[in-house]
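Contents: one structure, followed by commentary.
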Amino acid sequence: MATKQIVSIVGRPNVGKSSLFNRIIGRRIAVVDDFPGVTRDRNYYNASWNDKEFTLVDTGGLIPNLHESLPEAIHDQVDIALKESSVVIFLVEAGTGITDLDLLVAKQLRRTSAEKTILAVNKAESLNITYELDSFRSLGLGTPMAISALHGNGVADMLDKAADMLKVSSEEADDFHDTELKLTIVGRPNAGKSSTVNKLLKENRMIVDSIPGTTRDAVDSQMQYKDKTVVLIDTAGLRKKSHVKKDIEYYSNLRALDSIKRCDICVLIVDVTTGIGVQDMRILRKVQEKRKGLLLVWNKWDVYEKDHKTFDHLAAEVRNQFKELRFVPMISVSALSGKRITQILDRALSVKERMVKKVGKGEFENTVFEWMRAHPHPLDPAKPVRILGAKQVNAPSPVFRFYATNPDHVSPSYERFLIKRIQEKYDFAGCPVALEFRPIRSKQHHEKIEAAKEK
């Protein structure tokens with residue numbers, strides 16, 4: 001599989017990198033706010049322009065020669081992005097002129113990436129900006145281009161230039177449709193999500209910091225595992241709404257929820273030293289609502305007091321306490337040491353296989369009738385429920401359709417009974433088994449359509 005060429009947006013904080021990223025993508029993907037340093041990780045998204053496919057990268061603010069821990073980490077992230085990039089868009093700001101930080105950034109770019117750099121002057125809505133553009137030539141990075149990320153002025157011309165600079169590849173990159181597994185890493189803040197991704201990728205693709213909430217954007221990273229293409233989506237830690245007090249955290253939560261929608265399997269990271277909390281269960285229910293596969297990972301196992309029976313006891317206790325976890329696979333890992341970390345991918349790939357497993361119609365229907373004879377639906381003389389047919393339907397996750405009298409009156413407890421039996425009989429561990437109940441006339445109508453197709 002070919003790797004998409006990368007176009008990176010770099011510059012000092014608060015010049016509008018995330019706004020430009022969103023303008024190019026056409027959606028509010030990156031988190032945007034009015035104070036510096038909001039985007040701290042690299043944010044990846046597939047894009048195209050003039051029939052050229054590329055990956056657009058929104059970087060954290062480039063802050064050379066400042067040795068505070070987080071700005072230094074941001075600088076490292078941008079340095080990685082520059083090494084990966086085919087084109088670099090260096091964003092500066094009209095109205096403020098050239099700052100000392102712009103000069104430092106320009107010096108770094110001239111040293112490593114001058115031939116692939118586009119100098120873009122943002123916030124250039126005013127007609128008078130034409131007279132200021134020449135001053136930016138002193139940065140030594142070619143002719144500056146006036147743009148407005150907010151209004152879109154000049155962005156098309158800038159992208160034309162970027163597309164011309166991209167190498168002509170005979171083998172266009174595949175997008176996520178060709179990946180064997182899209183994996184979203186979810187969990188509470190500071191559970192070890194980014195550390196887990198880093199260990200899987202064998203590089204510091206995500207910033208890791210001890211401060212809860214360091215990862216604010218959802219970040220996609222691609223890797224190969226056992227000849228399979230895997231996309232890892234690291235998300236901001238999902239917080240309770242009552243704790244989301246700033247707009248920045250509100251939008252971060254939206255990104256995390258969007259990441260759940262985009263994936264095949266969710267990996268719920270739980271800090272074993274603190275156990276499962278209310279917020280973990282809220283995340284789990286969001287995953288189940290979206291009908292995504294699920295794997296629970298107990299992280300920080302290396303610092304947890306244990307013996308050879310600890311894991312089995314913990315799993316049994318949790319499954320007994322939380323019925324939603326009864327058929328969710330669990331593993332224990334240490335993101336710090338990397339112990340059993342690749343089992344996450346092995347287990348997730350197994351869940352993905354089960355997500356598309358099909359059960360034969362005749363065999364399934366006969367099995368359902370056996371269950372019903374042993375455990376019939378609770379009797380309701382006014383609205384009796386009798387199931388007269390059943391089958392699995394084509395869907396990205398296991399969905400079973402039952403044709404019944406009075407389908408709207410199927411007891412929730414009987415629905416849970418059927419799901420439990422399906423899980424036990426057919427091993428859909430980690431999969432969101434869903435049931436549909438339709439009236440008998442719907443079954444007859446469907447059979448007529450199928451018969452007509454066969455003629």
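Following the order of the structure tokens, chains are lettered A, B, ..., residues in each are numbered from 1, and ligands are numbered from 1.
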
**Request:** Quick one: pick out all strand (DSSP E or B) residues within region 175-414 of chain A from a backbone DSSP run and write them as a PyMOL selection string.
**Result:** chain A and resi 181-187+219-225+228-234+265-271+293-299+330-332+334+339+387-393+399-404

**Message:** as an MDAnalysis selection string, please: the residues near Asp280 (chain A) (cut-off 8 Å, only C-alpha atoms, same-chain neighbours under 5 positions excluded).
**Reply:** chainID A and resid 187:188 268 270

Kindly save the residues from that selection, with C-alpha atoms included, as a PDB file, in the first residue's frame.
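Written out: again14.pdb:
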ATOM      1  CA  GLY A 187     -11.089   6.186  28.010  1.00  0.00           C
ATOM      2  CA  ARG A 188     -11.001   8.668  30.819  1.00  0.00           C
ATOM      3  CA  LEU A 268     -11.475   1.190  26.252  1.00  0.00           C
ATOM      4  CA  VAL A 270      -8.985   1.641  32.094  1.00  0.00           C
TER       5      VAL A 270
END

**Asked** Could you pull the residues within 9 Å of region 295-310 of chain A, counting only C-alpha atoms, minus those fewer than 2 positions along the same chain, as a PyMOL selection string?
**Response** chain A and resi 191-192+196+265-273+275+293+312-315+325+328-337+339+344+347-348+351+430

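Of the listed residues (A:Phe327, A:Tyr225, A:Trp49, A:Phe90), A:Phe327 comes nearest to Lys420 (chain A); the distances count only C-alpha atoms.
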
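Among the candidates A:Val155, A:Thr96, A:Leu103, A:Lys161, the one nearest to Lys52 (chain A) when counting only C-alpha atoms is A:Lys161.
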
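When the distance limit is 6 Å and only C-alpha atoms are what count, the residues near region 399-403 of chain A, minus those fewer than 6 positions from it on the same chain, are A:Ile387, A:Leu388, A:Gly389, A:Ala390, A:Lys391, A:Gln392, A:Val393, A:Val433, A:Ala434, A:Leu435, A:Glu436, A:Phe437, A:Arg438, A:Pro439, A:Ile440.
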
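Put simply, CA of Thr405 (chain A) is 5.3 Å away from CA of Arg386 (chain A).
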
**Prompt:** Between A:Asp380, A:Gly277, A:Val57, A:Leu232, which one has atoms that come closest to Ser194 (chain A), using only C-alpha atoms?
**Reply:** A:Leu232

**Asked** What lies within 7 Å of Cys263 (chain A) using only C-alpha atoms, ignoring chain neighbours under 5 positions off, as an NGL selection string?
**Response** :A and (182-184)

Quick one: write out the picked residues with N, CA and C atoms as an mmCIF file, in the first residue's frame?
data_model
loop_
_atom_site.group_PDB
_atom_site.id
_atom_site.type_symbol
_atom_site.label_atom_id
_atom_site.label_comp_id
_atom_site.auth_asym_id
_atom_site.auth_seq_id
_atom_site.Cartn_x
_atom_site.Cartn_y
_atom_site.Cartn_z
ATOM 1 N N LYS A 182 -9.795 -0.159 11.744
ATOM 2 C CA LYS A 182 -9.756 1.216 12.272
ATOM 3 C C LYS A 182 -10.056 1.133 13.758
ATOM 4 N N LEU A 183 -9.098 1.532 14.541
ATOM 5 C CA LEU A 183 -9.140 1.310 15.989
ATOM 6 C C LEU A 183 -9.134 2.644 16.723
ATOM 7 N N THR A 184 -10.171 2.893 17.508
ATOM 8 C CA THR A 184 -10.216 4.108 18.319
ATOM 9 C C THR A 184 -9.847 3.769 19.759
#

**Asked** Neighbours of Glu115 (chain A) within 10 Å (only C-alpha atoms; same-chain residues fewer than 6 positions away dropped), as a ChimeraX atom specification?
**Response** /A:86-88,109,141-142,165
